[in-house]
file entry.cif (mmCIF, C-alpha atoms)
data_query
loop_
_atom_site.label_atom_id
_atom_site.label_comp_id
_atom_site.auth_asym_id
_atom_site.auth_seq_id
_atom_site.Cartn_x
_atom_site.Cartn_y
_atom_site.Cartn_z
CA MET A 1 -24.91 26.60 5.67
CA THR A 2 -23.14 23.52 6.98
CA ASP A 3 -23.63 21.36 9.99
CA SER A 4 -21.53 18.67 11.59
CA ALA A 5 -23.42 15.89 9.84
CA THR A 6 -22.69 17.12 6.32
CA LYS A 7 -19.41 18.92 6.74
CA PRO A 8 -16.53 17.16 4.96
CA ASN A 9 -14.18 15.50 7.39
CA ALA A 10 -10.53 15.29 6.31
CA THR A 11 -9.69 12.67 8.91
CA HIS A 12 -12.42 10.30 7.78
CA PRO A 13 -12.82 10.65 4.00
CA THR A 14 -16.28 9.83 2.80
CA HIS A 15 -15.62 6.86 0.55
CA SER A 16 -12.42 4.90 0.11
CA TRP A 17 -13.73 1.48 -0.86
CA GLY A 18 -13.05 1.86 -4.59
CA LEU A 19 -13.33 -1.50 -6.34
CA LEU A 20 -14.06 -3.15 -3.00
CA ALA A 21 -17.43 -1.42 -2.79
CA LYS A 22 -18.83 -4.12 -5.09
CA ASP A 23 -17.42 -6.93 -2.96
CA PRO A 24 -16.02 -5.83 0.41
CA TRP A 25 -14.85 -9.39 1.08
CA MET A 26 -12.70 -9.58 -2.03
CA GLU A 27 -9.14 -10.54 -1.13
CA ILE A 28 -6.46 -7.96 -1.80
CA GLY A 29 -2.84 -8.69 -1.07
CA PRO A 30 -0.94 -11.86 -0.37
CA PRO A 31 -2.81 -14.98 0.70
CA MET A 32 -3.27 -15.31 4.46
CA ASP A 33 -1.21 -18.47 4.77
CA GLU A 34 -0.19 -19.90 8.10
CA GLU A 35 3.30 -18.38 7.97
CA THR A 36 1.95 -14.86 7.50
CA ARG A 37 -0.66 -15.50 10.18
CA GLN A 38 2.02 -16.54 12.65
CA VAL A 39 3.91 -13.28 12.02
CA LEU A 40 0.72 -11.34 12.78
CA ARG A 41 0.04 -13.50 15.84
CA ARG A 42 3.49 -12.63 17.22
CA TYR A 43 2.71 -8.91 16.85
CA TRP A 44 -0.67 -9.42 18.51
CA LEU A 45 0.72 -11.36 21.50
CA ARG A 46 3.64 -8.95 21.90
CA ASN A 47 1.09 -6.17 22.40
CA GLY A 48 -0.59 -8.15 25.17
CA GLY A 49 -3.37 -9.42 22.90
CA ASP A 50 -5.46 -12.43 23.80
CA GLU A 51 -4.71 -15.62 21.82
CA ALA A 52 -8.29 -16.89 21.60
CA LEU A 53 -9.44 -13.49 20.35
CA PHE A 54 -6.74 -13.53 17.68
CA GLU A 55 -8.01 -16.93 16.51
CA ARG A 56 -11.48 -15.47 16.23
CA LEU A 57 -10.58 -12.22 14.47
CA VAL A 58 -7.82 -13.57 12.20
CA PRO A 59 -9.05 -17.08 11.43
CA PRO A 60 -6.91 -19.58 9.48
CA ALA A 61 -7.48 -19.55 5.75
CA ASP A 62 -9.24 -22.93 5.86
CA ALA A 63 -11.56 -21.99 8.74
CA PRO A 64 -15.29 -21.57 8.02
CA LYS A 65 -15.85 -17.99 6.89
CA PRO A 66 -17.73 -15.70 9.27
CA LYS A 67 -21.39 -15.07 8.54
CA ARG A 68 -21.63 -12.06 6.28
CA GLY A 69 -25.32 -11.41 6.36
CA GLY A 70 -26.39 -7.89 5.95
CA MET B 71 22.42 8.60 -22.82
CA PHE B 72 21.23 11.97 -21.44
CA GLN B 73 19.58 13.37 -24.58
CA ASN B 74 15.91 13.53 -25.43
CA ALA B 75 14.83 10.72 -27.75
CA ASN B 76 11.64 8.93 -28.78
CA ARG B 77 11.07 7.15 -25.48
CA ILE B 78 12.85 9.49 -23.11
CA LYS B 79 12.61 13.16 -22.25
CA PHE B 80 14.56 15.32 -19.80
CA ASN B 81 12.60 18.30 -18.49
CA ARG B 82 15.90 19.86 -17.37
CA PRO B 83 19.23 19.26 -19.14
CA VAL B 84 21.49 16.93 -17.18
CA ASP B 85 24.65 18.78 -16.15
CA GLU B 86 28.15 17.33 -15.75
CA ALA B 87 27.65 16.57 -12.06
CA GLY B 88 24.43 14.74 -12.85
CA ARG B 89 26.06 12.70 -15.61
CA ALA B 90 29.06 11.79 -13.48
CA TRP B 91 26.88 10.73 -10.56
CA TRP B 92 24.62 8.63 -12.75
CA ILE B 93 27.54 6.83 -14.36
CA GLU B 94 29.15 6.15 -10.98
CA ARG B 95 25.99 5.04 -9.19
CA PHE B 96 23.94 3.29 -11.88
CA TYR B 97 25.71 2.85 -15.21
CA GLY B 98 29.04 1.58 -13.91
CA PRO B 99 27.78 -1.01 -11.43
CA PHE B 100 24.51 -2.02 -13.11
CA GLY B 101 24.79 -0.93 -16.74
CA LEU B 102 21.67 1.21 -16.29
CA THR B 103 21.04 4.19 -18.53
CA PRO B 104 18.27 6.64 -17.55
CA GLU B 105 16.07 4.86 -20.09
CA GLY B 106 17.03 1.50 -18.61
CA MET B 107 16.04 2.76 -15.15
CA GLY B 108 12.58 3.66 -16.43
CA ASP B 109 12.21 0.20 -17.90
CA LEU B 110 13.55 -1.52 -14.78
CA ILE B 111 11.07 0.06 -12.39
CA THR B 112 8.13 -0.73 -14.70
CA LYS B 113 9.40 -3.94 -16.24
CA SER B 114 6.19 -5.93 -15.88
CA ALA B 115 4.15 -3.37 -17.84
CA VAL B 116 4.18 -4.23 -21.51
CA GLY B 117 3.34 -1.80 -24.31
CA ASP B 118 4.55 1.66 -25.21
CA LYS B 119 6.29 3.77 -22.56
CA LEU B 120 7.47 7.32 -22.27
CA ILE B 121 10.14 7.99 -19.63
CA ILE B 122 10.30 11.58 -18.40
CA TYR B 123 13.00 12.81 -16.02
CA ASP B 124 11.99 15.85 -14.00
CA PHE B 125 15.59 16.18 -12.83
CA ILE B 126 18.83 14.31 -12.24
CA ASP B 127 20.64 16.11 -9.44
CA GLY B 128 24.28 15.06 -9.22
CA MET B 129 25.02 17.30 -6.25
CA GLY B 130 22.02 16.17 -4.21
CA HIS B 131 22.31 12.59 -5.45
CA ALA B 132 18.67 12.41 -6.42
CA PHE B 133 16.43 12.04 -9.44
CA ARG B 134 12.74 12.08 -10.17
CA LEU B 135 11.14 10.34 -13.09
CA ARG B 136 7.70 9.60 -14.45
CA VAL B 137 6.99 6.63 -16.66
CA GLU B 138 3.82 6.77 -18.74
CA GLY B 139 2.53 3.72 -20.49
CA SER B 140 -0.35 2.41 -22.49
CA LEU B 141 -1.51 -1.14 -23.04
CA SER B 142 -3.02 -2.34 -26.28
CA GLY B 143 -6.44 -0.68 -26.21
CA PRO B 144 -7.59 2.95 -26.28
CA GLY B 145 -7.72 4.56 -22.85
CA GLU B 146 -5.67 1.77 -21.26
CA VAL B 147 -3.14 4.17 -19.78
CA TRP B 148 -1.08 4.19 -16.61
CA PHE B 149 1.76 6.17 -15.09
CA VAL B 150 4.07 6.08 -12.10
CA GLU B 151 6.19 8.83 -10.56
CA ARG B 152 9.23 7.90 -8.48
CA THR B 153 11.89 9.94 -6.72
CA PHE B 154 15.21 8.46 -5.72
CA GLU B 155 17.05 10.06 -2.81
CA LEU B 156 20.50 8.75 -2.03
CA SER B 157 20.62 10.63 1.28
CA GLY B 158 18.05 8.27 2.76
CA ASN B 159 18.89 5.51 0.28
CA LEU B 160 15.23 5.33 -0.64
CA PHE B 161 12.70 5.54 -3.42
CA ASN B 162 9.60 7.66 -2.95
CA ALA B 163 6.67 6.05 -4.70
CA ASP B 164 5.16 9.47 -5.36
CA GLU B 165 2.21 8.70 -7.60
CA MET B 166 0.61 5.87 -9.45
CA PHE B 167 -2.35 5.98 -11.80
CA VAL B 168 -4.06 3.11 -13.56
CA ALA B 169 -7.03 3.94 -15.82
CA ASP B 170 -10.41 2.60 -14.70
CA LYS B 171 -10.55 0.42 -17.78
CA ILE B 172 -7.55 -1.67 -16.73
CA ARG B 173 -7.91 -1.33 -12.95
CA GLY B 174 -8.37 -4.52 -10.97
CA ALA B 175 -6.09 -6.62 -13.18
CA GLY B 176 -3.10 -6.42 -10.85
CA LEU B 177 -1.07 -3.81 -12.76
CA GLY B 178 -0.74 -1.55 -9.70
CA ARG B 179 0.75 -4.25 -7.55
CA ARG B 180 3.01 -5.47 -10.36
CA LEU B 181 4.37 -1.93 -10.72
CA MET B 182 5.02 -1.76 -6.97
CA GLY B 183 6.59 -5.21 -7.19
CA ASP B 184 8.85 -3.92 -9.96
CA LEU B 185 9.97 -1.12 -7.67
CA ILE B 186 10.73 -3.55 -4.83
CA GLU B 187 12.77 -5.74 -7.17
CA ALA B 188 14.59 -2.68 -8.50
CA CYS B 189 15.45 -1.69 -4.92
CA GLU B 190 16.92 -5.13 -4.31
CA THR B 191 19.00 -4.86 -7.48
CA LEU B 192 20.17 -1.31 -6.70
CA GLN B 193 20.67 -2.01 -2.97
CA VAL B 194 18.16 0.62 -1.93
CA ASP B 195 16.89 0.17 1.64
CA ARG B 196 13.40 1.66 1.68
CA ILE B 197 10.35 2.62 -0.34
CA LYS B 198 8.22 5.47 0.99
CA ILE B 199 4.56 5.85 0.10
CA GLN B 200 1.54 8.01 0.74
CA ALA B 201 -1.34 5.61 1.29
CA ARG B 202 -4.63 7.02 0.03
CA ASN B 203 -8.06 5.63 -0.79
CA ILE B 204 -8.05 1.84 -1.04
CA GLY B 205 -4.27 1.92 -0.59
CA ARG B 206 -4.81 2.71 3.09
CA TYR B 207 -5.79 -0.94 3.44
CA ALA B 208 -3.98 -2.60 0.52
CA TRP B 209 -0.42 -1.44 1.28
CA LEU B 210 -0.70 -2.76 4.84
CA ARG B 211 -1.63 -6.19 3.49
CA MET B 212 1.49 -6.04 1.33
CA GLY B 213 3.77 -5.40 4.31
CA PHE B 214 4.09 -1.60 4.22
CA ARG B 215 3.90 0.14 7.60
CA PRO B 216 2.89 3.62 8.71
CA ASP B 217 5.61 5.86 10.03
CA MET B 218 5.43 6.79 13.70
CA GLY B 219 3.61 10.09 13.12
CA SER B 220 0.95 8.43 11.00
CA TRP B 221 0.67 5.52 13.41
CA ILE B 222 -0.02 7.78 16.39
CA GLU B 223 -2.92 9.40 14.49
CA MET B 224 -4.12 6.06 13.12
CA ARG B 225 -3.97 4.42 16.55
CA LYS B 226 -6.13 7.12 18.11
CA ASN B 227 -8.77 6.67 15.39
CA LEU B 228 -8.62 2.86 15.58
CA ILE B 229 -9.21 2.82 19.32
CA ASP B 230 -12.10 5.23 18.98
CA ALA B 231 -13.63 3.11 16.21
CA LEU B 232 -13.14 -0.22 17.97
CA LEU B 233 -15.03 1.03 20.99
CA ARG B 234 -17.93 1.91 18.69
CA PHE B 235 -18.03 -1.72 17.52
CA GLU B 236 -19.00 -3.01 20.97
CA GLU B 237 -22.33 -4.23 19.67
CA ALA B 238 -20.91 -6.04 16.63
CA LEU B 239 -17.88 -7.58 18.35
CA GLY B 240 -19.08 -7.87 21.92
CA ARG B 241 -17.95 -5.48 24.62
CA ASP B 242 -15.09 -7.63 25.87
CA ALA B 243 -13.63 -8.30 22.40
CA ALA B 244 -13.92 -4.66 21.37
CA TRP B 245 -12.15 -3.44 24.50
CA ARG B 246 -9.43 -6.07 24.43
CA THR B 247 -8.70 -5.39 20.76
CA ALA B 248 -8.56 -1.67 21.50
CA GLU B 249 -6.12 -2.37 24.35
CA MET B 250 -3.91 -4.42 22.05
CA VAL B 251 -3.88 -1.58 19.52
CA ALA B 252 -3.12 0.96 22.24
CA LYS B 253 0.00 -0.95 23.31
CA GLY B 254 1.27 -1.59 19.80
CA GLY B 255 3.69 0.03 17.41
CA PRO B 256 3.27 0.61 13.65
CA GLU B 257 3.46 -3.12 12.88
CA THR B 258 0.07 -3.42 14.62
CA ALA B 259 -1.47 -1.79 11.54
CA ASN B 260 -0.56 -4.94 9.55
CA VAL B 261 -2.57 -7.00 12.06
CA VAL B 262 -5.52 -4.61 11.96
CA ALA B 263 -5.71 -4.96 8.16
CA SER B 264 -6.21 -8.71 8.60
CA LEU B 265 -9.12 -8.62 11.06
CA GLU B 266 -12.02 -10.50 9.48
CA GLU B 267 -14.98 -10.31 11.88
CA PRO B 268 -18.05 -8.92 10.05
CA VAL B 269 -19.12 -5.46 11.20
CA PRO B 270 -21.64 -3.02 9.77
CA SER B 271 -20.24 -0.56 7.26
CA ARG B 272 -21.04 3.08 7.75
CA GLN B 273 -20.61 3.83 4.04
CA LEU B 274 -21.82 0.78 2.12
CA LEU B 275 -25.56 0.22 2.19
CA ASP B 276 -27.64 -2.53 0.60
CA SER B 277 -30.72 -1.93 -1.55
CA PHE B 278 -32.84 -1.62 1.61
CA MET B 279 -30.44 1.07 2.92
CA ARG B 280 -29.15 -1.28 5.60
CA PRO B 281 -25.43 -1.31 6.38
CA VAL B 282 -23.54 -4.02 4.51
CA GLN B 283 -21.50 -6.38 6.68
CA VAL B 284 -17.80 -5.88 5.92
CA PRO B 285 -14.55 -7.24 7.38
CA LEU B 286 -13.46 -5.37 10.50
CA GLY B 287 -9.97 -4.57 9.18
CA LYS B 288 -11.26 -2.98 5.99
CA ALA B 289 -13.94 -1.04 7.90
CA LEU B 290 -11.37 0.36 10.31
CA LEU B 291 -8.86 1.38 7.65
CA LEU B 292 -11.22 2.56 4.90
CA GLU B 293 -13.92 4.21 7.01
CA TRP B 294 -12.48 5.20 10.37
CA THR B 295 -8.89 6.26 9.74
CA GLY B 296 -7.34 8.66 7.25
CA ASP B 297 -4.52 8.68 4.72
CA TRP B 298 -1.13 7.71 6.08
CA SER B 299 2.49 7.88 5.07
CA GLY B 300 4.79 4.97 5.59
CA GLU B 301 7.44 2.76 4.16
CA PHE B 302 8.56 -0.66 3.14
CA MET B 303 11.88 -1.73 4.66
CA LEU B 304 13.72 -4.14 2.42
CA ALA B 305 15.99 -5.16 5.29
CA ASP B 306 13.01 -6.46 7.27
CA PRO B 307 12.76 -10.18 6.47
CA GLU B 308 9.12 -10.42 7.53
CA MET B 309 8.04 -7.56 5.28
CA THR B 310 9.97 -8.80 2.27
CA ARG B 311 8.58 -12.31 2.76
CA ILE B 312 5.00 -11.03 2.76
CA ALA B 313 5.66 -8.93 -0.34
CA ALA B 314 7.38 -11.82 -2.11
CA LYS B 315 4.23 -13.91 -1.66
CA TYR B 316 2.18 -11.12 -3.14
CA LEU B 317 4.42 -11.02 -6.19
CA GLN B 318 4.46 -14.79 -6.51
CA GLU B 319 0.68 -14.83 -6.45
CA ASP B 320 0.66 -12.20 -9.14
CA ALA B 321 2.99 -14.20 -11.32
CA CYS B 322 0.30 -16.86 -11.48
CA ASP B 323 -2.41 -14.44 -12.68
#

call {"tool": "encode", "arguments": {"input": "entry.cif", "output": "structure tokens"}}
result
Amino acid sequence: MTDSATKPNATHPTHSWGLLAKDPWMEIGPPMDEETRQVLRRYWLRNGGDEALFERLVPPADAPKPKRGG
Amino acid sequence: MFQNANRIKFNRPVDEAGRAWWIERFYGPFGLTPEGMGDLITKSAVGDKLIIYDFIDGMGHAFRLRVEGSLSGPGEVWFVERTFELSGNLFNADEMFVADKIRGAGLGRRLMGDLIEACETLQVDRIKIQARNIGRYAWLRMGFRPDMGSWIEMRKNLIDALLRFEEALGRDAAWRTAEMVAKGGPETANVVASLEEPVPSRQLLDSFMRPVQVPLGKALLLEWTGDWSGEFMLADPEMTRIAAKYLQEDACD
């Protein structure tokens, strides 16, 4: 017997964190330097995104890190 | 050049058309033998290698190879499978495996970096991938992008997920981010991967069974969207710049 809560869901696989499960904040990929951030900002603004919200959600590398309490 | 030897094996014999095409496309201009190709696309991996060609198709202008390697210790094995298709002037990065024992040391990204460098040398335009597991997030950070079909599916899931994060992000921020995603093309996925606001995970729990706070971008791509297919365009200066940084960083490891 299956129900919707336990049925495997192909669209949303159950666990994809891999090595990141130990530290979800571990950096993967190139450093988020200002040049890369400006490229992403251009995409964001081109889609009608709000500049202040971008600053909040994609903070500069030297900005205080968001609180990660859990 | 086309015979089985210690380090190289051909699952199917290479016919005259295959030999002629290889010499014209790779050996003449670049001095690359089939064995040299295997070494080129895995050049940063040291240790023993076995290069296995599934086929070299001179009529279809394509080949598929698998390079298996091992580092110094027992169980430290890896392999990559790549298909080259001249019709689309692209490499398919079909498979990559790095044993648990040596995972996390940057070998996977170095092998992808080797493929990007090989594409530059061979004047290949694109690398196609299937992004699975952690790669759903990691390849976006490296500059890969979903194709349009994958993006349409991903976008739908991202919007749905963002609206569920009203409490964590605030209603206004959640809706405005969802709107931005709704208007965007595949490059928006690169932005999503970089979103850092802490949100509760629906898969990672702490010892008290409370959701762990995780970065929004990782939550969206690892928990709320599925596998995707996409590509890396070498002609795109922004993508190659991001990837170059990744490789530079690796060189310092």

call {"tool": "atom_distance", "arguments": {"input": "entry.cif", "atom1": "CA of Leu110 (chain B)", "atom2": "CA of Leu185 (chain B)"}}
result
8.0 Å

call {"tool": "residues_around", "arguments": {"input": "entry.cif", "residues": "region 30-33 of chain A", "least_positions_apart": "5", "cutoff": "7 Å", "atoms": "only C-alpha atoms", "output": "list in words"}}
result
Ala61 of chain A; Arg211, Met212, Ile312, Lys315, Tyr316 and Glu319 of chain B

call {"tool": "write_last_selection", "arguments": {"input": "entry.cif", "atoms": "C-alpha atoms", "output": "short mmCIF file (atom, residue, chain, number, x, y, z; two decimals), in the frame of the given file"}}
result
data_model
loop_
_atom_site.label_atom_id
_atom_site.label_comp_id
_atom_site.auth_asym_id
_atom_site.auth_seq_id
_atom_site.Cartn_x
_atom_site.Cartn_y
_atom_site.Cartn_z
CA ALA A 61 -7.48 -19.55 5.75
CA ARG B 211 -1.63 -6.19 3.49
CA MET B 212 1.49 -6.04 1.33
CA ILE B 312 5.00 -11.03 2.76
CA LYS B 315 4.23 -13.91 -1.66
CA TYR B 316 2.18 -11.12 -3.14
CA GLU B 319 0.68 -14.83 -6.45
#

call {"tool": "interface_residues", "arguments": {"input": "entry.cif", "of": "chain B", "to": "chain A", "cutoff": "6 Å", "atoms": "all atoms listed in the file", "output": "short mmCIF file (atom, residue, chain, number, x, y, z; two decimals) with C-alpha atoms, in the coordinates of the input"}}
result
data_model
loop_
_atom_site.label_atom_id
_atom_site.label_comp_id
_atom_site.auth_asym_id
_atom_site.auth_seq_id
_atom_site.Cartn_x
_atom_site.Cartn_y
_atom_site.Cartn_z
CA ASN B 203 -8.06 5.63 -0.79
CA ILE B 204 -8.05 1.84 -1.04
CA ARG B 211 -1.63 -6.19 3.49
CA MET B 212 1.49 -6.04 1.33
CA MET B 250 -3.91 -4.42 22.05
CA LYS B 253 0.00 -0.95 23.31
CA GLY B 254 1.27 -1.59 19.80
CA VAL B 261 -2.57 -7.00 12.06
CA LEU B 265 -9.12 -8.62 11.06
CA GLU B 266 -12.02 -10.50 9.48
CA GLU B 267 -14.98 -10.31 11.88
CA VAL B 282 -23.54 -4.02 4.51
CA GLN B 283 -21.50 -6.38 6.68
CA VAL B 284 -17.80 -5.88 5.92
CA LEU B 292 -11.22 2.56 4.90
CA TRP B 294 -12.48 5.20 10.37
CA THR B 295 -8.89 6.26 9.74
CA GLY B 296 -7.34 8.66 7.25
CA LYS B 315 4.23 -13.91 -1.66
CA TYR B 316 2.18 -11.12 -3.14
#

call {"tool": "residues_around", "arguments": {"input": "entry.cif", "residues": "Asp230 (chain B)", "least_positions_apart": "3", "cutoff": "12 Å", "atoms": "all atoms listed in the file", "output": "ChimeraX atom specification"}}
result
/B:223-227,233-236,244-245,247-249,251-252,290,294-295

call {"tool": "closest_residue", "arguments": {"input": "entry.cif", "among": "B:Ala313, B:Val269, B:Phe96, B:Met279", "to": "Glu293 (chain B)", "atoms": "only C-alpha atoms"}}
result
B:Val269

call {"tool": "axis_aligned_box", "arguments": {"input": "entry.cif", "around": "region 222-233 of chain B", "padding_each_side": "5 Å", "output": "AutoDock Vina command-line options"}}
result
--center_x -7.5 --center_y 4.6 --center_z 17.1 --size_x 25.0 --size_y 19.6 --size_z 17.9

call {"tool": "atom_distance", "arguments": {"input": "entry.cif", "atom1": "CA of Ala305 (chain B)", "atom2": "CA of Ser264 (chain B)"}}
result
22.7 Å

call {"tool": "residues_around", "arguments": {"input": "entry.cif", "residues": "Pro216 (chain B)", "least_positions_apart": "5", "cutoff": "8 Å", "atoms": "only C-alpha atoms", "output": "PyMOL selection string"}}
result
chain B and resi 221+256-257+259+298-301

call {"tool": "resolve_selection", "arguments": {"input": "entry.cif", "expression": "the PyMOL selection byres ((chain B and resi 189) around 12)", "output": "PDB file with C-alpha atoms, in the frame of the given file"}}
result
ATOM      1  CA  MET B 107      16.040   2.760 -15.150  1.00  0.00           C
ATOM      2  CA  LEU B 110      13.550  -1.520 -14.780  1.00  0.00           C
ATOM      3  CA  ILE B 111      11.070   0.060 -12.390  1.00  0.00           C
ATOM      4  CA  ARG B 152       9.230   7.900  -8.480  1.00  0.00           C
ATOM      5  CA  PHE B 154      15.210   8.460  -5.720  1.00  0.00           C
ATOM      6  CA  LEU B 156      20.500   8.750  -2.030  1.00  0.00           C
ATOM      7  CA  ASN B 159      18.890   5.510   0.280  1.00  0.00           C
ATOM      8  CA  LEU B 160      15.230   5.330  -0.640  1.00  0.00           C
ATOM      9  CA  PHE B 161      12.700   5.540  -3.420  1.00  0.00           C
ATOM     10  CA  ASN B 162       9.600   7.660  -2.950  1.00  0.00           C
ATOM     11  CA  ALA B 163       6.670   6.050  -4.700  1.00  0.00           C
ATOM     12  CA  MET B 182       5.020  -1.760  -6.970  1.00  0.00           C
ATOM     13  CA  GLY B 183       6.590  -5.210  -7.190  1.00  0.00           C
ATOM     14  CA  ASP B 184       8.850  -3.920  -9.960  1.00  0.00           C
ATOM     15  CA  LEU B 185       9.970  -1.120  -7.670  1.00  0.00           C
ATOM     16  CA  ILE B 186      10.730  -3.550  -4.830  1.00  0.00           C
ATOM     17  CA  GLU B 187      12.770  -5.740  -7.170  1.00  0.00           C
ATOM     18  CA  ALA B 188      14.590  -2.680  -8.500  1.00  0.00           C
ATOM     19  CA  GLU B 190      16.920  -5.130  -4.310  1.00  0.00           C
ATOM     20  CA  THR B 191      19.000  -4.860  -7.480  1.00  0.00           C
ATOM     21  CA  LEU B 192      20.170  -1.310  -6.700  1.00  0.00           C
ATOM     22  CA  GLN B 193      20.670  -2.010  -2.970  1.00  0.00           C
ATOM     23  CA  VAL B 194      18.160   0.620  -1.930  1.00  0.00           C
ATOM     24  CA  ASP B 195      16.890   0.170   1.640  1.00  0.00           C
ATOM     25  CA  ARG B 196      13.400   1.660   1.680  1.00  0.00           C
ATOM     26  CA  ILE B 197      10.350   2.620  -0.340  1.00  0.00           C
ATOM     27  CA  LYS B 198       8.220   5.470   0.990  1.00  0.00           C
ATOM     28  CA  PHE B 302       8.560  -0.660   3.140  1.00  0.00           C
ATOM     29  CA  MET B 303      11.880  -1.730   4.660  1.00  0.00           C
ATOM     30  CA  LEU B 304      13.720  -4.140   2.420  1.00  0.00           C
ATOM     31  CA  ALA B 305      15.990  -5.160   5.290  1.00  0.00           C
ATOM     32  CA  THR B 310       9.970  -8.800   2.270  1.00  0.00           C
TER      33      THR B 310
END

call {"tool": "atom_distance", "arguments": {"input": "entry.cif", "atom1": "CA of Phe214 (chain B)", "atom2": "CA of Glu151 (chain B)"}}
result
18.2 Å

call {"tool": "residues_near_point", "arguments": {"input": "entry.cif", "point": "(2.1, -1.9, -26.9)", "cutoff": "6 Å", "atoms": "all atoms listed in the file", "output": "PyMOL selection string"}}
result
chain B and resi 117-118+141-142

call {"tool": "resolve_selection", "arguments": {"input": "entry.cif", "expression": "the PyMOL selection byres ((chain B and resi 177) around 10)", "output": "ChimeraX atom specification"}}
result
/B:112,114-115,148,167-168,172-176,178-183,320

call {"tool": "closest_residue", "arguments": {"input": "entry.cif", "among": "B:Phe72, B:Asp297, B:Glu155, B:Arg77", "to": "Tyr207 (chain B)", "atoms": "all atoms listed in the file"}}
result
B:Asp297

call {"tool": "residues_around", "arguments": {"input": "entry.cif", "residues": "Phe80 (chain B)", "least_positions_apart": "3", "cutoff": "12 Å", "atoms": "all atoms listed in the file", "output": "CSV table (one decimal) with C-alpha atoms, in the coordinates of the input"}}
result
chain,number,residue,atom,x,y,z
B,71,MET,CA,22.4,8.6,-22.8
B,72,PHE,CA,21.2,12.0,-21.4
B,73,GLN,CA,19.6,13.4,-24.6
B,74,ASN,CA,15.9,13.5,-25.4
B,75,ALA,CA,14.8,10.7,-27.8
B,76,ASN,CA,11.6,8.9,-28.8
B,77,ARG,CA,11.1,7.2,-25.5
B,83,PRO,CA,19.2,19.3,-19.1
B,84,VAL,CA,21.5,16.9,-17.2
B,85,ASP,CA,24.6,18.8,-16.2
B,104,PRO,CA,18.3,6.6,-17.6
B,105,GLU,CA,16.1,4.9,-20.1
B,120,LEU,CA,7.5,7.3,-22.3
B,121,ILE,CA,10.1,8.0,-19.6
B,122,ILE,CA,10.3,11.6,-18.4
B,123,TYR,CA,13.0,12.8,-16.0
B,124,ASP,CA,12.0,15.8,-14.0
B,125,PHE,CA,15.6,16.2,-12.8
B,126,ILE,CA,18.8,14.3,-12.2
B,133,PHE,CA,16.4,12.0,-9.4
B,134,ARG,CA,12.7,12.1,-10.2
B,135,LEU,CA,11.1,10.3,-13.1
B,136,ARG,CA,7.7,9.6,-14.4
B,137,VAL,CA,7.0,6.6,-16.7
